[in-house]
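As stored in work.txt (compact mmCIF, N, CA and C atoms):
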```txt
# COMPACT_ATOMS: atom_id res chain seq x y z
N GLN J 1 21.10 -21.76 1.27
CA GLN J 1 20.41 -22.05 0.02
C GLN J 1 18.91 -22.18 0.30
N VAL J 2 18.11 -21.61 -0.58
CA VAL J 2 16.66 -21.66 -0.47
C VAL J 2 16.10 -22.11 -1.81
N GLN J 3 15.21 -23.06 -1.76
CA GLN J 3 14.51 -23.49 -2.96
C GLN J 3 13.05 -23.09 -2.86
N LEU J 4 12.53 -22.55 -3.94
CA LEU J 4 11.16 -22.06 -3.96
C LEU J 4 10.42 -22.72 -5.12
N VAL J 5 9.23 -23.22 -4.82
CA VAL J 5 8.41 -23.86 -5.85
C VAL J 5 7.02 -23.26 -5.79
N GLU J 6 6.62 -22.65 -6.90
CA GLU J 6 5.29 -22.04 -6.99
C GLU J 6 4.29 -23.01 -7.60
N SER J 7 3.04 -22.81 -7.25
CA SER J 7 1.95 -23.58 -7.86
C SER J 7 0.68 -22.76 -7.78
N GLY J 8 -0.35 -23.23 -8.49
CA GLY J 8 -1.65 -22.60 -8.39
C GLY J 8 -2.05 -21.71 -9.55
N GLY J 9 -1.13 -21.49 -10.48
CA GLY J 9 -1.49 -20.67 -11.62
C GLY J 9 -2.49 -21.37 -12.53
N GLY J 10 -2.99 -20.63 -13.49
CA GLY J 10 -3.94 -21.22 -14.43
C GLY J 10 -4.61 -20.15 -15.26
N SER J 11 -5.66 -20.56 -15.96
CA SER J 11 -6.41 -19.66 -16.82
C SER J 11 -7.79 -19.44 -16.21
N VAL J 12 -8.16 -18.19 -16.06
CA VAL J 12 -9.47 -17.84 -15.52
C VAL J 12 -10.07 -16.72 -16.34
N GLN J 13 -11.36 -16.53 -16.18
CA GLN J 13 -12.02 -15.40 -16.82
C GLN J 13 -11.96 -14.18 -15.91
N ALA J 14 -12.12 -13.03 -16.50
CA ALA J 14 -12.13 -11.79 -15.73
C ALA J 14 -13.16 -11.89 -14.62
N GLY J 15 -12.76 -11.39 -13.44
CA GLY J 15 -13.62 -11.49 -12.28
C GLY J 15 -13.37 -12.71 -11.44
N GLY J 16 -12.59 -13.64 -11.96
CA GLY J 16 -12.32 -14.88 -11.26
C GLY J 16 -11.25 -14.74 -10.20
N SER J 17 -10.95 -15.85 -9.55
CA SER J 17 -9.99 -15.88 -8.45
C SER J 17 -9.00 -17.02 -8.64
N LEU J 18 -7.83 -16.84 -8.05
CA LEU J 18 -6.82 -17.88 -8.00
C LEU J 18 -6.06 -17.76 -6.69
N ARG J 19 -5.51 -18.86 -6.25
CA ARG J 19 -4.66 -18.85 -5.07
C ARG J 19 -3.33 -19.47 -5.44
N LEU J 20 -2.29 -18.64 -5.40
CA LEU J 20 -0.95 -19.12 -5.67
C LEU J 20 -0.29 -19.55 -4.37
N SER J 21 0.55 -20.57 -4.47
CA SER J 21 1.28 -21.04 -3.30
C SER J 21 2.76 -21.14 -3.61
N CYS J 22 3.56 -20.92 -2.59
CA CYS J 22 5.02 -21.02 -2.72
C CYS J 22 5.53 -21.84 -1.54
N VAL J 23 6.17 -22.95 -1.88
CA VAL J 23 6.79 -23.78 -0.84
C VAL J 23 8.26 -23.42 -0.76
N MET J 24 8.71 -23.12 0.44
CA MET J 24 10.10 -22.70 0.65
C MET J 24 10.86 -23.78 1.40
N SER J 25 11.92 -24.27 0.78
CA SER J 25 12.75 -25.30 1.40
C SER J 25 14.12 -24.71 1.69
N THR J 26 14.55 -24.82 2.95
CA THR J 26 15.85 -24.28 3.32
C THR J 26 16.37 -25.02 4.54
N TYR J 27 17.69 -25.14 4.62
CA TYR J 27 18.31 -25.74 5.80
C TYR J 27 18.51 -24.69 6.88
N ARG J 28 18.12 -23.44 6.52
CA ARG J 28 18.33 -22.33 7.43
C ARG J 28 17.01 -21.61 7.67
N PRO J 29 16.12 -22.21 8.44
CA PRO J 29 14.83 -21.55 8.69
C PRO J 29 15.04 -20.30 9.51
N GLY J 30 14.10 -19.40 9.39
CA GLY J 30 14.21 -18.15 10.13
C GLY J 30 13.61 -17.01 9.33
N ARG J 31 13.75 -15.86 9.89
CA ARG J 31 13.16 -14.65 9.33
C ARG J 31 13.75 -14.30 7.96
N ARG J 32 12.87 -14.11 6.98
CA ARG J 32 13.25 -13.63 5.65
C ARG J 32 12.09 -12.85 5.09
N CYS J 33 12.39 -12.02 4.15
CA CYS J 33 11.35 -11.36 3.38
C CYS J 33 10.99 -12.27 2.20
N VAL J 34 9.72 -12.59 2.06
CA VAL J 34 9.25 -13.41 0.95
C VAL J 34 8.29 -12.57 0.12
N GLY J 35 8.58 -12.46 -1.14
CA GLY J 35 7.77 -11.62 -2.00
C GLY J 35 7.19 -12.35 -3.19
N TRP J 36 6.14 -11.80 -3.73
CA TRP J 36 5.57 -12.24 -5.00
C TRP J 36 5.81 -11.14 -6.02
N PHE J 37 6.34 -11.55 -7.15
CA PHE J 37 6.56 -10.65 -8.27
C PHE J 37 5.79 -11.19 -9.47
N ARG J 38 5.56 -10.33 -10.44
CA ARG J 38 4.95 -10.79 -11.68
C ARG J 38 5.61 -10.10 -12.86
N GLN J 39 5.60 -10.81 -13.98
CA GLN J 39 6.19 -10.27 -15.20
C GLN J 39 5.22 -10.49 -16.36
N PRO J 40 4.51 -9.44 -16.75
CA PRO J 40 3.63 -9.56 -17.92
C PRO J 40 4.45 -9.72 -19.19
N PRO J 41 3.87 -10.24 -20.23
CA PRO J 41 4.60 -10.41 -21.49
C PRO J 41 5.19 -9.10 -21.98
N GLY J 42 6.47 -9.09 -22.24
CA GLY J 42 7.13 -7.91 -22.79
C GLY J 42 7.37 -6.78 -21.81
N LYS J 43 7.15 -7.05 -20.52
CA LYS J 43 7.30 -5.98 -19.53
C LYS J 43 8.29 -6.40 -18.44
N GLU J 44 8.64 -5.42 -17.60
CA GLU J 44 9.55 -5.67 -16.50
C GLU J 44 8.86 -6.46 -15.38
N ARG J 45 9.68 -7.17 -14.62
CA ARG J 45 9.16 -7.86 -13.45
C ARG J 45 8.88 -6.83 -12.35
N GLU J 46 7.73 -6.95 -11.71
CA GLU J 46 7.34 -5.99 -10.69
C GLU J 46 6.89 -6.71 -9.42
N GLY J 47 7.17 -6.09 -8.29
CA GLY J 47 6.73 -6.65 -7.02
C GLY J 47 5.26 -6.35 -6.80
N VAL J 48 4.53 -7.34 -6.32
CA VAL J 48 3.11 -7.13 -6.04
C VAL J 48 2.78 -7.26 -4.56
N ALA J 49 3.52 -8.10 -3.82
CA ALA J 49 3.23 -8.26 -2.40
C ALA J 49 4.43 -8.91 -1.71
N ALA J 50 4.52 -8.68 -0.41
CA ALA J 50 5.62 -9.28 0.35
C ALA J 50 5.21 -9.43 1.80
N ILE J 51 5.87 -10.40 2.47
CA ILE J 51 5.60 -10.66 3.87
C ILE J 51 6.88 -11.18 4.52
N THR J 52 7.08 -10.87 5.78
CA THR J 52 8.24 -11.39 6.49
C THR J 52 7.89 -12.76 7.06
N SER J 53 8.64 -13.78 6.68
CA SER J 53 8.36 -15.12 7.17
C SER J 53 8.56 -15.19 8.67
N GLY J 54 7.69 -15.92 9.33
CA GLY J 54 7.75 -16.02 10.78
C GLY J 54 6.98 -14.93 11.49
N GLY J 55 6.44 -14.00 10.73
CA GLY J 55 5.65 -12.94 11.35
C GLY J 55 6.16 -11.57 10.98
N GLY J 56 5.25 -10.69 10.68
CA GLY J 56 5.66 -9.36 10.28
C GLY J 56 4.62 -8.73 9.40
N GLY J 57 4.90 -7.52 8.98
CA GLY J 57 3.93 -6.79 8.19
C GLY J 57 3.84 -7.30 6.77
N THR J 58 2.81 -6.85 6.09
CA THR J 58 2.61 -7.17 4.68
C THR J 58 2.70 -5.90 3.86
N TYR J 59 3.09 -6.08 2.62
CA TYR J 59 3.28 -4.95 1.73
C TYR J 59 2.63 -5.28 0.39
N TYR J 60 2.04 -4.25 -0.23
CA TYR J 60 1.35 -4.45 -1.50
C TYR J 60 1.65 -3.30 -2.44
N ALA J 61 1.68 -3.64 -3.72
CA ALA J 61 1.71 -2.60 -4.74
C ALA J 61 0.34 -1.94 -4.79
N ASP J 62 0.33 -0.66 -5.08
CA ASP J 62 -0.94 0.07 -5.13
C ASP J 62 -1.91 -0.55 -6.13
N SER J 63 -1.39 -1.10 -7.21
CA SER J 63 -2.24 -1.62 -8.27
C SER J 63 -3.01 -2.88 -7.87
N VAL J 64 -2.61 -3.51 -6.76
CA VAL J 64 -3.27 -4.76 -6.37
C VAL J 64 -3.94 -4.68 -5.00
N LYS J 65 -3.81 -3.57 -4.32
CA LYS J 65 -4.41 -3.45 -2.99
C LYS J 65 -5.91 -3.70 -3.04
N GLY J 66 -6.38 -4.51 -2.11
CA GLY J 66 -7.79 -4.83 -2.06
C GLY J 66 -8.17 -6.04 -2.87
N ARG J 67 -7.27 -6.49 -3.76
CA ARG J 67 -7.58 -7.65 -4.60
C ARG J 67 -6.65 -8.83 -4.32
N LEU J 68 -5.43 -8.54 -3.90
CA LEU J 68 -4.48 -9.60 -3.60
C LEU J 68 -4.17 -9.60 -2.11
N THR J 69 -4.06 -10.78 -1.55
CA THR J 69 -3.75 -10.94 -0.14
C THR J 69 -2.64 -11.96 0.02
N ILE J 70 -1.55 -11.55 0.67
CA ILE J 70 -0.45 -12.46 0.93
C ILE J 70 -0.58 -12.99 2.35
N SER J 71 -0.30 -14.28 2.52
CA SER J 71 -0.38 -14.89 3.84
C SER J 71 0.66 -16.00 3.93
N GLN J 72 0.89 -16.48 5.15
CA GLN J 72 1.89 -17.53 5.31
C GLN J 72 1.38 -18.65 6.19
N ASP J 73 1.90 -19.82 5.92
CA ASP J 73 1.63 -21.02 6.70
C ASP J 73 2.99 -21.48 7.23
N ASN J 74 3.33 -21.00 8.42
CA ASN J 74 4.67 -21.25 8.95
C ASN J 74 4.93 -22.73 9.20
N ALA J 75 3.89 -23.46 9.56
CA ALA J 75 4.08 -24.89 9.86
C ALA J 75 4.55 -25.66 8.63
N ASN J 76 4.13 -25.18 7.46
CA ASN J 76 4.46 -25.89 6.22
C ASN J 76 5.41 -25.10 5.33
N ASN J 77 5.96 -24.02 5.87
CA ASN J 77 6.91 -23.18 5.10
C ASN J 77 6.33 -22.76 3.76
N MET J 78 5.12 -22.27 3.81
CA MET J 78 4.45 -21.86 2.59
C MET J 78 4.00 -20.40 2.68
N VAL J 79 4.00 -19.74 1.56
CA VAL J 79 3.45 -18.40 1.44
C VAL J 79 2.43 -18.44 0.31
N HIS J 80 1.27 -17.88 0.55
CA HIS J 80 0.18 -17.90 -0.43
C HIS J 80 -0.11 -16.50 -0.94
N LEU J 81 -0.66 -16.45 -2.13
CA LEU J 81 -1.13 -15.19 -2.69
C LEU J 81 -2.55 -15.43 -3.19
N GLN J 82 -3.52 -14.94 -2.44
CA GLN J 82 -4.92 -15.04 -2.85
C GLN J 82 -5.25 -13.88 -3.76
N MET J 83 -5.78 -14.19 -4.93
CA MET J 83 -6.10 -13.15 -5.91
C MET J 83 -7.57 -13.22 -6.25
N ILE J 84 -8.26 -12.09 -6.14
CA ILE J 84 -9.67 -12.01 -6.49
C ILE J 84 -9.88 -10.89 -7.51
N SER J 85 -11.06 -10.88 -8.09
CA SER J 85 -11.43 -9.85 -9.07
C SER J 85 -10.33 -9.67 -10.12
N LEU J 86 -9.87 -10.77 -10.64
CA LEU J 86 -8.78 -10.71 -11.62
C LEU J 86 -9.24 -10.07 -12.92
N ASN J 87 -8.33 -9.38 -13.56
CA ASN J 87 -8.62 -8.76 -14.85
C ASN J 87 -7.47 -9.08 -15.81
N PRO J 88 -7.67 -8.87 -17.10
CA PRO J 88 -6.65 -9.24 -18.08
C PRO J 88 -5.28 -8.62 -17.81
N GLU J 89 -5.25 -7.47 -17.14
CA GLU J 89 -3.97 -6.83 -16.83
C GLU J 89 -3.18 -7.60 -15.77
N ASP J 90 -3.81 -8.57 -15.13
CA ASP J 90 -3.11 -9.40 -14.16
C ASP J 90 -2.40 -10.58 -14.83
N THR J 91 -2.60 -10.74 -16.12
CA THR J 91 -1.94 -11.83 -16.85
C THR J 91 -0.43 -11.65 -16.80
N ALA J 92 0.26 -12.67 -16.30
CA ALA J 92 1.71 -12.59 -16.12
C ALA J 92 2.23 -13.92 -15.60
N MET J 93 3.55 -14.04 -15.64
CA MET J 93 4.21 -15.12 -14.90
C MET J 93 4.43 -14.59 -13.49
N TYR J 94 4.03 -15.36 -12.51
CA TYR J 94 4.16 -14.95 -11.12
C TYR J 94 5.29 -15.74 -10.46
N TYR J 95 6.16 -14.99 -9.78
CA TYR J 95 7.33 -15.58 -9.15
C TYR J 95 7.32 -15.35 -7.64
N CYS J 96 7.77 -16.34 -6.92
CA CYS J 96 8.02 -16.22 -5.50
C CYS J 96 9.52 -15.96 -5.31
N ALA J 97 9.86 -15.11 -4.34
CA ALA J 97 11.25 -14.78 -4.11
C ALA J 97 11.52 -14.68 -2.61
N ALA J 98 12.73 -15.02 -2.21
CA ALA J 98 13.11 -14.95 -0.80
C ALA J 98 14.39 -14.13 -0.64
N GLY J 99 14.41 -13.34 0.41
CA GLY J 99 15.54 -12.47 0.67
C GLY J 99 16.54 -13.10 1.63
N PRO J 100 17.51 -12.32 2.06
CA PRO J 100 18.57 -12.84 2.94
C PRO J 100 18.05 -13.32 4.28
N TRP J 101 18.77 -14.27 4.86
CA TRP J 101 18.42 -14.83 6.16
C TRP J 101 18.44 -13.77 7.23
N LEU J 102 17.42 -13.75 8.06
CA LEU J 102 17.25 -12.86 9.20
C LEU J 102 16.94 -11.41 8.81
N ALA J 103 16.74 -11.16 7.55
CA ALA J 103 16.37 -9.81 7.12
C ALA J 103 14.90 -9.80 6.71
N GLY J 104 14.09 -9.08 7.46
CA GLY J 104 12.68 -8.98 7.12
C GLY J 104 12.44 -7.96 6.03
N CYS J 105 11.18 -7.85 5.65
CA CYS J 105 10.81 -6.89 4.62
C CYS J 105 10.86 -5.47 5.18
N SER J 106 11.07 -4.53 4.30
CA SER J 106 10.95 -3.13 4.68
C SER J 106 10.19 -2.40 3.60
N SER J 107 9.56 -1.32 3.97
CA SER J 107 8.76 -0.56 3.01
C SER J 107 9.62 0.03 1.91
N ALA J 108 10.90 0.24 2.20
CA ALA J 108 11.78 0.88 1.23
C ALA J 108 12.33 -0.07 0.18
N SER J 109 12.24 -1.38 0.46
CA SER J 109 12.95 -2.28 -0.45
C SER J 109 12.17 -3.51 -0.87
N TRP J 110 11.02 -3.79 -0.30
CA TRP J 110 10.35 -5.06 -0.58
C TRP J 110 10.06 -5.25 -2.05
N TYR J 111 9.85 -4.18 -2.80
CA TYR J 111 9.42 -4.26 -4.19
C TYR J 111 10.59 -4.29 -5.17
N LYS J 112 11.80 -4.24 -4.67
CA LYS J 112 12.98 -4.20 -5.52
C LYS J 112 13.51 -5.62 -5.75
N LYS J 113 13.74 -5.96 -7.02
CA LYS J 113 14.20 -7.31 -7.34
C LYS J 113 15.52 -7.63 -6.65
N ASN J 114 16.40 -6.66 -6.53
CA ASN J 114 17.71 -6.94 -5.95
C ASN J 114 17.69 -7.08 -4.44
N SER J 115 16.50 -7.01 -3.83
CA SER J 115 16.37 -7.29 -2.39
C SER J 115 16.25 -8.80 -2.13
N TYR J 116 16.16 -9.58 -3.19
CA TYR J 116 15.91 -11.02 -3.06
C TYR J 116 17.05 -11.82 -3.67
N ASN J 117 17.42 -12.88 -2.97
CA ASN J 117 18.52 -13.72 -3.42
C ASN J 117 18.06 -14.96 -4.19
N TYR J 118 16.85 -15.39 -3.89
CA TYR J 118 16.38 -16.68 -4.40
C TYR J 118 15.04 -16.50 -5.10
N TRP J 119 14.90 -17.22 -6.20
CA TRP J 119 13.69 -17.10 -7.02
C TRP J 119 13.19 -18.49 -7.42
N GLY J 120 11.87 -18.60 -7.49
CA GLY J 120 11.28 -19.81 -8.04
C GLY J 120 11.22 -19.74 -9.54
N GLN J 121 10.67 -20.80 -10.14
CA GLN J 121 10.59 -20.88 -11.59
C GLN J 121 9.37 -20.17 -12.16
N GLY J 122 8.42 -19.86 -11.30
CA GLY J 122 7.26 -19.11 -11.75
C GLY J 122 6.06 -19.99 -12.05
N THR J 123 4.89 -19.38 -11.98
CA THR J 123 3.64 -20.04 -12.36
C THR J 123 2.82 -19.05 -13.17
N GLN J 124 2.29 -19.52 -14.28
CA GLN J 124 1.61 -18.63 -15.21
C GLN J 124 0.15 -18.39 -14.81
N VAL J 125 -0.23 -17.12 -14.85
CA VAL J 125 -1.62 -16.72 -14.63
C VAL J 125 -2.11 -16.03 -15.90
N THR J 126 -3.20 -16.51 -16.46
CA THR J 126 -3.79 -15.92 -17.65
C THR J 126 -5.24 -15.59 -17.38
N VAL J 127 -5.58 -14.33 -17.58
CA VAL J 127 -6.95 -13.87 -17.34
C VAL J 127 -7.54 -13.41 -18.66
N SER J 128 -8.64 -14.01 -19.04
CA SER J 128 -9.28 -13.66 -20.31
C SER J 128 -10.50 -12.79 -20.05
N SER J 129 -10.77 -11.93 -21.02
CA SER J 129 -11.91 -11.00 -20.87
C SER J 129 -13.20 -11.63 -21.36
```
In structure tokens, how does this file's structure come out?
Amino acid sequence: QVQLVESGGGSVQAGGSLRLSCVMSTYRPGRRCVGWFRQPPGKEREGVAAITSGGGGTYYADSVKGRLTISQDNANNMVHLQMISLNPEDTAMYYCAAGPWLAGCSSASWYKKNSYNYWGQGTQVTVSS
């Protein structure tokens, strides 16, 4: 079982920055793929970034490359998403998700919702023009 709690969302103006955080609680520490997804109003949930906990490569959606950076704090079981140069199209509920134990991220599957077993409740990001 994995529990995920997101924080750091809020309202900013275009061009602003936010840093989202995800705290991961589990009795089974170890390698997992941890991803950030977002769901704009009325649209499908989409993957924006992912990282393998404990060390590994990072993955980004083309639409966010250069503006979003995913990182991890292994000592505190946290994964962060630094967002810069935000624009109104980034407005969405942002979710943290964790995949199966001992399975890291892969380029073929990190962006697929069904690659993840556990989801947080989400944190809202609103960007005004």
Problem - Counting only C-alpha atoms, the residue of J:Gly122, J:Pro88, J:Gly9, J:Gly35 that sits nearest J:Ala50 - result: J:Gly35
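In terms of minimum interatomic distance to J:Gln13, J:Leu86 ranks closest within J:Lys43, J:Ser71, J:Leu86, J:Gln121, counting all atoms listed in the file.
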Problem - Residues of stretch 25-118 of chain J in helix (DSSP H, G or I), written as a list of chain:residue names - result: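 Reading the DSSP output for stretch 25-118 of chain J, helix (DSSP H, G or I) covers J:Asp62, J:Ser63, J:Val64, J:Asn74, J:Ala75, J:Asn76, J:Pro88, J:Glu89, J:Asp90, J:Lys113, J:Asn114, J:Ser115.
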Problem - Separation of atom CA of J:Gly30 from atom N of J:Ala103 in Å - result: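 Atom CA of J:Gly30 lies at a distance of 7.9 Å from atom N of J:Ala103.
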Handout entry: Per-residue DSSP, stretch 26-112 of chain J, filtered to strand (DSSP E), as a PyMOL selection string
Key = chain J and resi 26+33-39+46-52+58-60+68-73+78-83+92-98
Practice task
Choose the residue, out of J:Cys96, J:Leu81, J:Leu4, J:Ala14, that has the smallest atom-to-atom separation from J:Thr26; count only C-alpha atoms.
Solution key: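 Smallest distance to J:Thr26 is found for J:Leu4.
In this model, the gap between atom CA of J:Gly54 and atom CA of J:Cys22 comes to 14.7 Å.
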Exercise for the section: Select, from J:Asn114, J:Ser17, J:Gln39, J:Ser25, the residue with the minimum atom-to-atom distance to J:Gln1, counting all atoms listed in the file. Expected result: J:Ser25
Practice task
Work out how far atom CA of J:Tyr118 is from atom C of J:Gly42, in Å to one decimal.
Solution key: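 Value for the atom C of J:Gly42-atom CA of J:Tyr118 distance: 22.0 Å.
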Practice task
Write out as a ChimeraX atom specification each polymer residue whose atoms come within 7 Å of J:Asn87, counting only C-alpha atoms; drop sequence neighbours fewer than 3 positions from it.
Solution key: /J:14-15,90,127
Quick one: write out the picked residues with N, CA and C atoms as a CSV table (one decimal), keeping the file's coordinate frame?
```csv
chain,number,residue,atom,x,y,z
J,14,ALA,N,-12.1,-13.0,-16.5
J,14,ALA,CA,-12.1,-11.8,-15.7
J,14,ALA,C,-13.2,-11.9,-14.6
J,15,GLY,N,-12.8,-11.4,-13.4
J,15,GLY,CA,-13.6,-11.5,-12.3
J,15,GLY,C,-13.4,-12.7,-11.4
J,90,ASP,N,-3.8,-8.6,-15.1
J,90,ASP,CA,-3.1,-9.4,-14.2
J,90,ASP,C,-2.4,-10.6,-14.8
J,127,VAL,N,-5.6,-14.3,-17.6
J,127,VAL,CA,-7.0,-13.9,-17.3
J,127,VAL,C,-7.5,-13.4,-18.7
```
Handout entry: Residues near stretch 46-48 of chain J, cut-off 7 Å, all atoms listed in the file, skip fewer than 4 positions along chain, as a PyMOL selection string
Key = chain J and resi 35-40+59-61+64+110-113
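Every residue within 7 Å of the file position (16.2, -9.7, -1.1), judged by only C-alpha atoms, is given as J:Cys33, J:Ala98, J:Gly99, J:Pro100, J:Lys113, J:Asn114, J:Ser115, J:Tyr116, J:Asn117.
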